[in-house]
Amino acid sequence: MKEAGIKAVSLGDTGMEISRIGFGAWAIGGGGWEFGWGPQADDDSIAAIHRALEGGVNWIDTAAAYGFGRSEEVVGRAIAGMPEHERPYVFTKASLLEGRYRTVVHSLKRDSILREAEASLKRLGVDAIDLYQIHWPIPEDDLEEGWSAMVELKDAGVVRHIGVSNFDIPQLQRIQCIAPVETLQPPYSLIDREIELELPYADTHGIGVIAYSPMASGLLTGAMTRERIAQLPNDDWRRSDEQFREPRLSRNLELVMRLKSVAARHDVTPGAVAVAWTLCNPAVDGAIVGARRADQVDPILAAAGLELGAADLATIGSDR
């Protein structure tokens with residue numbers, strides 16, 4: 001049974017009303033590829049998705065690249081048989097293809113984008129993708145060709161809205177000459193704030209913003225320790241990420257201690273505080289939060305209703 005309580009907001013000018021938190025399906029793509037997260041049981045993934053939907057989440061963000069189709073297939077299984085009026089919005093992404101040794105290869109060629117959309121529709125089991133996004137602006141020389149293909153898909157009715165991920169302002173301006181960019185999906189967290197330069201632009205131009213990795217890929221959850229990082233599976237991409245290694249790791253773990261202090265005041269988890277901080281930015285419509293098991297969901301959903309005061313922000317050390 002679906003529960004009430006997560007506030008919904010307009011996603012830019014799309015007309016979609018989305019819960020402030022969305023289910024992120026990167027990790028449920030599992031391991032065995034360049035940016036995998038190690039072993040993952042599909043039944044656990046489906047249980048996590050169902051728990052999020054029961055808790056009031058009304059959108060799922062995935063991508064063809066996550067496990068090279070596996071994440072989309074799992075999402076498709078999770079929503080199969082749901083009546084249209086109860087089904088969550090499904091957002092996915094194109095432009096990252098499977099290369100040699102299951103590495104990522106970039107393509108923004110028209111025919112490639114069209115083929116990816118067709119494959120995603122089949123894996124997801126939907127008639128139309130609610131939001132289709134270019135995953136990365138690479139190669140830059142093909143931005144216009146890739147965006148024109150997205151417009152073509154929207155005109156054909158197989159996707160309802162189109163957006164981009166990881167774009168900067170000059171890149172947004174280049175493709176807006178072809179058709180309006182409806183959404184932007186940037187990384188945004190307490191340890192990755194570069195997008196703050198782009199957020200006012202998005203706000204001014206009616207571009208909806210859904211931020212990914214608000215907990216810095218698990219680093220700000222409060223559960224990540226040096227010992228746990230050392231025990232990450234060999235096919236977990238985080239083992240080699242600079243934020244999980246010194247000298248940045250010590251600084252990041254110090255931040256987690258401050259998040260824990262704020263979390264104790266509100267009886268929530270440090271991860272919920274990290275997500276709530278991201279949602280404090282008025283240009284951010286929603287935050288994408290991943291979960292690999294059902295029991296991980298509820299503690300993070302608390303972020304949707306958490307209001308951080310001046311004292312909280314001072315403790316965290318934010319200059320917001």
# chains A, B, ... in the order shown; residues from 1 in each chain; ligands from 1
$ residues_around --residues "Val90 of chain A" --least-positions-apart "3" --cutoff "8 Å" --atoms "only C-alpha atoms" --output "mmCIF file with N, CA, C and O atoms, in the first residue's frame"
data_model
loop_
_atom_site.group_PDB
_atom_site.id
_atom_site.type_symbol
_atom_site.label_atom_id
_atom_site.label_comp_id
_atom_site.auth_asym_id
_atom_site.auth_seq_id
_atom_site.Cartn_x
_atom_site.Cartn_y
_atom_site.Cartn_z
ATOM 1 N N TRP A 59 9.158 8.264 -9.109
ATOM 2 C CA TRP A 59 9.983 8.215 -10.311
ATOM 3 C C TRP A 59 11.241 7.386 -10.061
ATOM 4 O O TRP A 59 11.741 7.321 -8.945
ATOM 5 N N ILE A 60 11.674 6.742 -11.136
ATOM 6 C CA ILE A 60 12.872 5.903 -11.112
ATOM 7 C C ILE A 60 13.818 6.411 -12.188
ATOM 8 O O ILE A 60 13.398 6.655 -13.319
ATOM 9 N N ASP A 61 15.078 6.582 -11.831
ATOM 10 C CA ASP A 61 16.074 7.015 -12.810
ATOM 11 C C ASP A 61 17.061 5.880 -13.052
ATOM 12 O O ASP A 61 17.704 5.390 -12.130
ATOM 13 N N THR A 62 17.168 5.468 -14.303
ATOM 14 C CA THR A 62 18.088 4.400 -14.672
ATOM 15 C C THR A 62 18.852 4.822 -15.922
ATOM 16 O O THR A 62 18.836 5.983 -16.308
ATOM 17 N N ILE A 129 9.036 6.390 -22.935
ATOM 18 C CA ILE A 129 9.916 6.749 -21.816
ATOM 19 C C ILE A 129 9.530 8.158 -21.353
ATOM 20 O O ILE A 129 9.437 9.083 -22.164
ATOM 21 N N ASP A 130 9.292 8.317 -20.069
ATOM 22 C CA ASP A 130 8.824 9.612 -19.563
ATOM 23 C C ASP A 130 9.872 10.712 -19.704
ATOM 24 O O ASP A 130 9.529 11.856 -20.018
ATOM 25 N N LEU A 131 11.133 10.380 -19.462
ATOM 26 C CA LEU A 131 12.212 11.353 -19.643
ATOM 27 C C LEU A 131 13.423 10.609 -20.188
ATOM 28 O O LEU A 131 13.922 9.675 -19.560
#
$ residues_around --residues "Gly38 of chain A" --least-positions-apart "6" --cutoff "10 Å" --atoms "only C-alpha atoms" --output "PyMOL selection string"
chain A and resi 27-32+232-238
$ closest_atom_pairs --of "segment 272-320 of chain A" --to "segment 185-203 of chain A" --cutoff "9 Å" --atoms "only C-alpha atoms" --output "Markdown table"
| residue | atom | partner | partner_atom | distance |
| --- | --- | --- | --- | --- |
| A:Ala274 | CA | A:Leu190 | CA | 7.1 |
| A:Val275 | CA | A:Ser189 | CA | 7.7 |
| A:Trp277 | CA | A:Leu190 | CA | 7.7 |
| A:Thr278 | CA | A:Ser189 | CA | 6.0 |
| A:Asn281 | CA | A:Leu199 | CA | 8.8 |
| A:Pro282 | CA | A:Asp203 | CA | 8.4 |
| A:Ala283 | CA | A:Asp203 | CA | 5.4 |
| A:Val284 | CA | A:Leu199 | CA | 7.7 |
| A:Ala287 | CA | A:Tyr188 | CA | 8.8 |
| A:Ser318 | CA | A:Leu190 | CA | 7.9 |
$ write_last_selection --atoms "all heavy atoms" --output "CSV table (one decimal), in the first residue's frame"
chain,number,residue,atom,x,y,z
A,274,ALA,N,22.6,14.6,4.4
A,274,ALA,CA,23.3,15.0,3.1
A,274,ALA,C,22.3,15.2,2.0
A,274,ALA,O,22.5,16.2,1.2
A,274,ALA,CB,24.3,13.8,2.8
A,275,VAL,N,21.3,14.4,1.9
A,275,VAL,CA,20.3,14.5,0.8
A,275,VAL,C,19.5,15.8,1.0
A,275,VAL,O,19.2,16.6,0.1
A,275,VAL,CB,19.4,13.3,0.7
A,275,VAL,CG1,18.3,13.5,-0.4
A,275,VAL,CG2,20.2,12.1,0.3
A,277,TRP,N,20.4,18.5,2.5
A,277,TRP,CA,21.3,19.6,2.1
A,277,TRP,C,21.2,19.9,0.7
A,277,TRP,O,21.0,21.1,0.2
A,277,TRP,CB,22.7,19.4,2.6
A,277,TRP,CG,23.6,20.5,2.2
A,277,TRP,CD1,24.0,21.5,3.0
A,277,TRP,CD2,24.3,20.7,1.0
A,277,TRP,NE1,24.8,22.4,2.4
A,277,TRP,CE2,25.1,21.9,1.1
A,277,TRP,CE3,24.4,20.0,-0.2
A,277,TRP,CZ2,25.9,22.4,0.1
A,277,TRP,CZ3,25.2,20.5,-1.2
A,277,TRP,CH2,26.0,21.7,-1.0
A,278,THR,N,21.2,18.9,-0.2
A,278,THR,CA,21.1,19.1,-1.6
A,278,THR,C,19.8,19.7,-2.0
A,278,THR,O,19.7,20.6,-2.8
A,278,THR,CB,21.3,17.7,-2.3
A,278,THR,OG1,22.6,17.2,-2.0
A,278,THR,CG2,21.2,17.9,-3.8
A,281,ASN,N,18.8,23.6,-2.0
A,281,ASN,CA,19.1,24.6,-3.1
A,281,ASN,C,17.8,24.8,-3.9
A,281,ASN,O,17.2,23.8,-4.4
A,281,ASN,CB,20.2,24.0,-4.0
A,281,ASN,CG,20.7,25.1,-5.0
A,281,ASN,OD1,19.9,25.7,-5.7
A,281,ASN,ND2,22.0,25.3,-5.0
A,282,PRO,N,17.3,26.0,-4.0
A,282,PRO,CA,16.0,26.2,-4.6
A,282,PRO,C,15.9,25.8,-6.1
A,282,PRO,O,14.8,25.6,-6.7
A,282,PRO,CB,15.8,27.7,-4.5
A,282,PRO,CG,17.1,28.3,-4.3
A,282,PRO,CD,17.9,27.2,-3.5
A,283,ALA,N,17.1,25.6,-6.8
A,283,ALA,CA,17.1,25.2,-8.2
A,283,ALA,C,16.9,23.7,-8.3
A,283,ALA,O,16.7,23.2,-9.4
A,283,ALA,CB,18.3,25.7,-8.8
A,284,VAL,N,17.1,23.0,-7.3
A,284,VAL,CA,17.0,21.5,-7.3
A,284,VAL,C,15.6,21.0,-7.1
A,284,VAL,O,15.0,21.3,-6.0
A,284,VAL,CB,18.0,20.9,-6.3
A,284,VAL,CG1,17.8,19.4,-6.3
A,284,VAL,CG2,19.4,21.3,-6.6
A,287,ALA,N,16.2,14.8,-5.9
A,287,ALA,CA,17.4,14.1,-5.7
A,287,ALA,C,17.3,12.7,-5.9
A,287,ALA,O,16.3,12.0,-5.5
A,287,ALA,CB,17.9,14.4,-4.2
A,318,SER,N,28.6,24.3,5.9
A,318,SER,CA,28.2,24.8,4.6
A,318,SER,C,28.1,26.3,4.6
A,318,SER,O,27.8,26.9,5.6
A,318,SER,CB,26.8,24.2,4.2
A,318,SER,OG,26.3,24.9,3.1
$ select_by_dssp --residues "segment 67-303 of chain A" --states "alpha helix (DSSP H)" --output "PyMOL selection string"
chain A and resi 70-79+110-124+143-156+169-176+199-204+226-230+248-266+270-279+297-301
$ closest_residue --among "A:Val273, A:Leu219, A:Ala149, A:Val209" --to "Ile18 of chain A" --atoms "only C-alpha atoms"
A:Val209
$ residues_around --residues "segment 42-46 of chain A" --least-positions-apart "6" --cutoff "7 Å" --atoms "only C-alpha atoms" --output "PyMOL selection string"
chain A and resi 28+74+78+292-294
$ residues_around --residues "His106 of chain A" --least-positions-apart "3" --cutoff "8 Å" --atoms "only C-alpha atoms" --output "PyMOL selection string"
chain A and resi 95-97+136+138-139
$ write_last_selection --atoms "C-alpha atoms" --output "PDB file, in the first residue's frame"
ATOM      1  CA  SER A  95      24.947   7.627 -25.237  1.00  0.00           C
ATOM      2  CA  LEU A  96      27.066   5.125 -23.277  1.00  0.00           C
ATOM      3  CA  LEU A  97      27.625   1.842 -25.104  1.00  0.00           C
ATOM      4  CA  TRP A 136      27.358  12.514 -21.132  1.00  0.00           C
ATOM      5  CA  ILE A 138      30.874  13.153 -25.291  1.00  0.00           C
ATOM      6  CA  PRO A 139      32.097  13.443 -28.000  1.00  0.00           C
TER       7      PRO A 139
END
$ residues_around --residues "Asp13 of chain A" --least-positions-apart "4" --cutoff "7 Å" --atoms "only C-alpha atoms" --output "number ranges by chain"
A: 182, 206-208
$ residues_around --residues "Ile288 of chain A" --least-positions-apart "3" --cutoff "8 Å" --atoms "only C-alpha atoms" --output "list in words"
Ile21, Gly22, Phe23, Gly24, Asp61, Ile210, Ala211, Tyr212, Ser213 and Pro214 of chain A
$ write_last_selection --atoms "N, CA, C and O atoms" --output "PDB file, in the first residue's frame"
ATOM      1  N   ILE A  21      12.326  13.008  -3.834  1.00  0.00           N
ATOM      2  CA  ILE A  21      13.336  11.966  -3.919  1.00  0.00           C
ATOM      3  C   ILE A  21      12.912  10.957  -4.973  1.00  0.00           C
ATOM      4  O   ILE A  21      11.750  10.559  -5.037  1.00  0.00           O
ATOM      5  N   GLY A  22      13.865  10.559  -5.810  1.00  0.00           N
ATOM      6  CA  GLY A  22      13.614   9.531  -6.805  1.00  0.00           C
ATOM      7  C   GLY A  22      14.506   8.335  -6.558  1.00  0.00           C
ATOM      8  O   GLY A  22      15.558   8.445  -5.909  1.00  0.00           O
ATOM      9  N   PHE A  23      14.096   7.199  -7.061  1.00  0.00           N
ATOM     10  CA  PHE A  23      14.894   5.983  -6.882  1.00  0.00           C
ATOM     11  C   PHE A  23      15.970   5.924  -7.946  1.00  0.00           C
ATOM     12  O   PHE A  23      15.684   5.908  -9.141  1.00  0.00           O
ATOM     13  N   GLY A  24      17.222   5.860  -7.529  1.00  0.00           N
ATOM     14  CA  GLY A  24      18.347   5.766  -8.447  1.00  0.00           C
ATOM     15  C   GLY A  24      18.751   4.321  -8.669  1.00  0.00           C
ATOM     16  O   GLY A  24      18.999   3.584  -7.708  1.00  0.00           O
ATOM     17  N   ASP A  61      15.078   6.582 -11.831  1.00  0.00           N
ATOM     18  CA  ASP A  61      16.074   7.015 -12.810  1.00  0.00           C
ATOM     19  C   ASP A  61      17.061   5.880 -13.052  1.00  0.00           C
ATOM     20  O   ASP A  61      17.704   5.390 -12.130  1.00  0.00           O
ATOM     21  N   ILE A 210      17.398  17.401 -11.524  1.00  0.00           N
ATOM     22  CA  ILE A 210      17.383  16.227 -10.649  1.00  0.00           C
ATOM     23  C   ILE A 210      18.842  15.864 -10.381  1.00  0.00           C
ATOM     24  O   ILE A 210      19.577  15.476 -11.277  1.00  0.00           O
ATOM     25  N   ALA A 211      19.269  16.021  -9.149  1.00  0.00           N
ATOM     26  CA  ALA A 211      20.669  15.845  -8.786  1.00  0.00           C
ATOM     27  C   ALA A 211      20.976  14.382  -8.486  1.00  0.00           C
ATOM     28  O   ALA A 211      20.206  13.707  -7.817  1.00  0.00           O
ATOM     29  N   TYR A 212      22.117  13.910  -8.990  1.00  0.00           N
ATOM     30  CA  TYR A 212      22.510  12.543  -8.655  1.00  0.00           C
ATOM     31  C   TYR A 212      23.687  12.523  -7.682  1.00  0.00           C
ATOM     32  O   TYR A 212      24.403  13.511  -7.530  1.00  0.00           O
ATOM     33  N   SER A 213      23.829  11.395  -6.999  1.00  0.00           N
ATOM     34  CA  SER A 213      24.876  11.170  -5.998  1.00  0.00           C
ATOM     35  C   SER A 213      24.872  12.206  -4.880  1.00  0.00           C
ATOM     36  O   SER A 213      25.920  12.722  -4.502  1.00  0.00           O
ATOM     37  N   PRO A 214      23.695  12.541  -4.301  1.00  0.00           N
ATOM     38  CA  PRO A 214      23.677  13.497  -3.193  1.00  0.00           C
ATOM     39  C   PRO A 214      24.374  12.955  -1.939  1.00  0.00           C
ATOM     40  O   PRO A 214      24.777  13.742  -1.074  1.00  0.00           O
TER      41      PRO A 214
END
$ closest_residue --among "A:Ala48, A:Ala80, A:Leu108, A:Leu184" --to "Gly125 of chain A" --atoms "only C-alpha atoms"
A:Ala80
$ select_by_dssp --residues "segment 121-232 of chain A" --states "strand (DSSP E or B)" --output "number ranges by chain"
A: 129, 131-134, 159, 162-165, 183-185, 187, 189, 192, 208-212
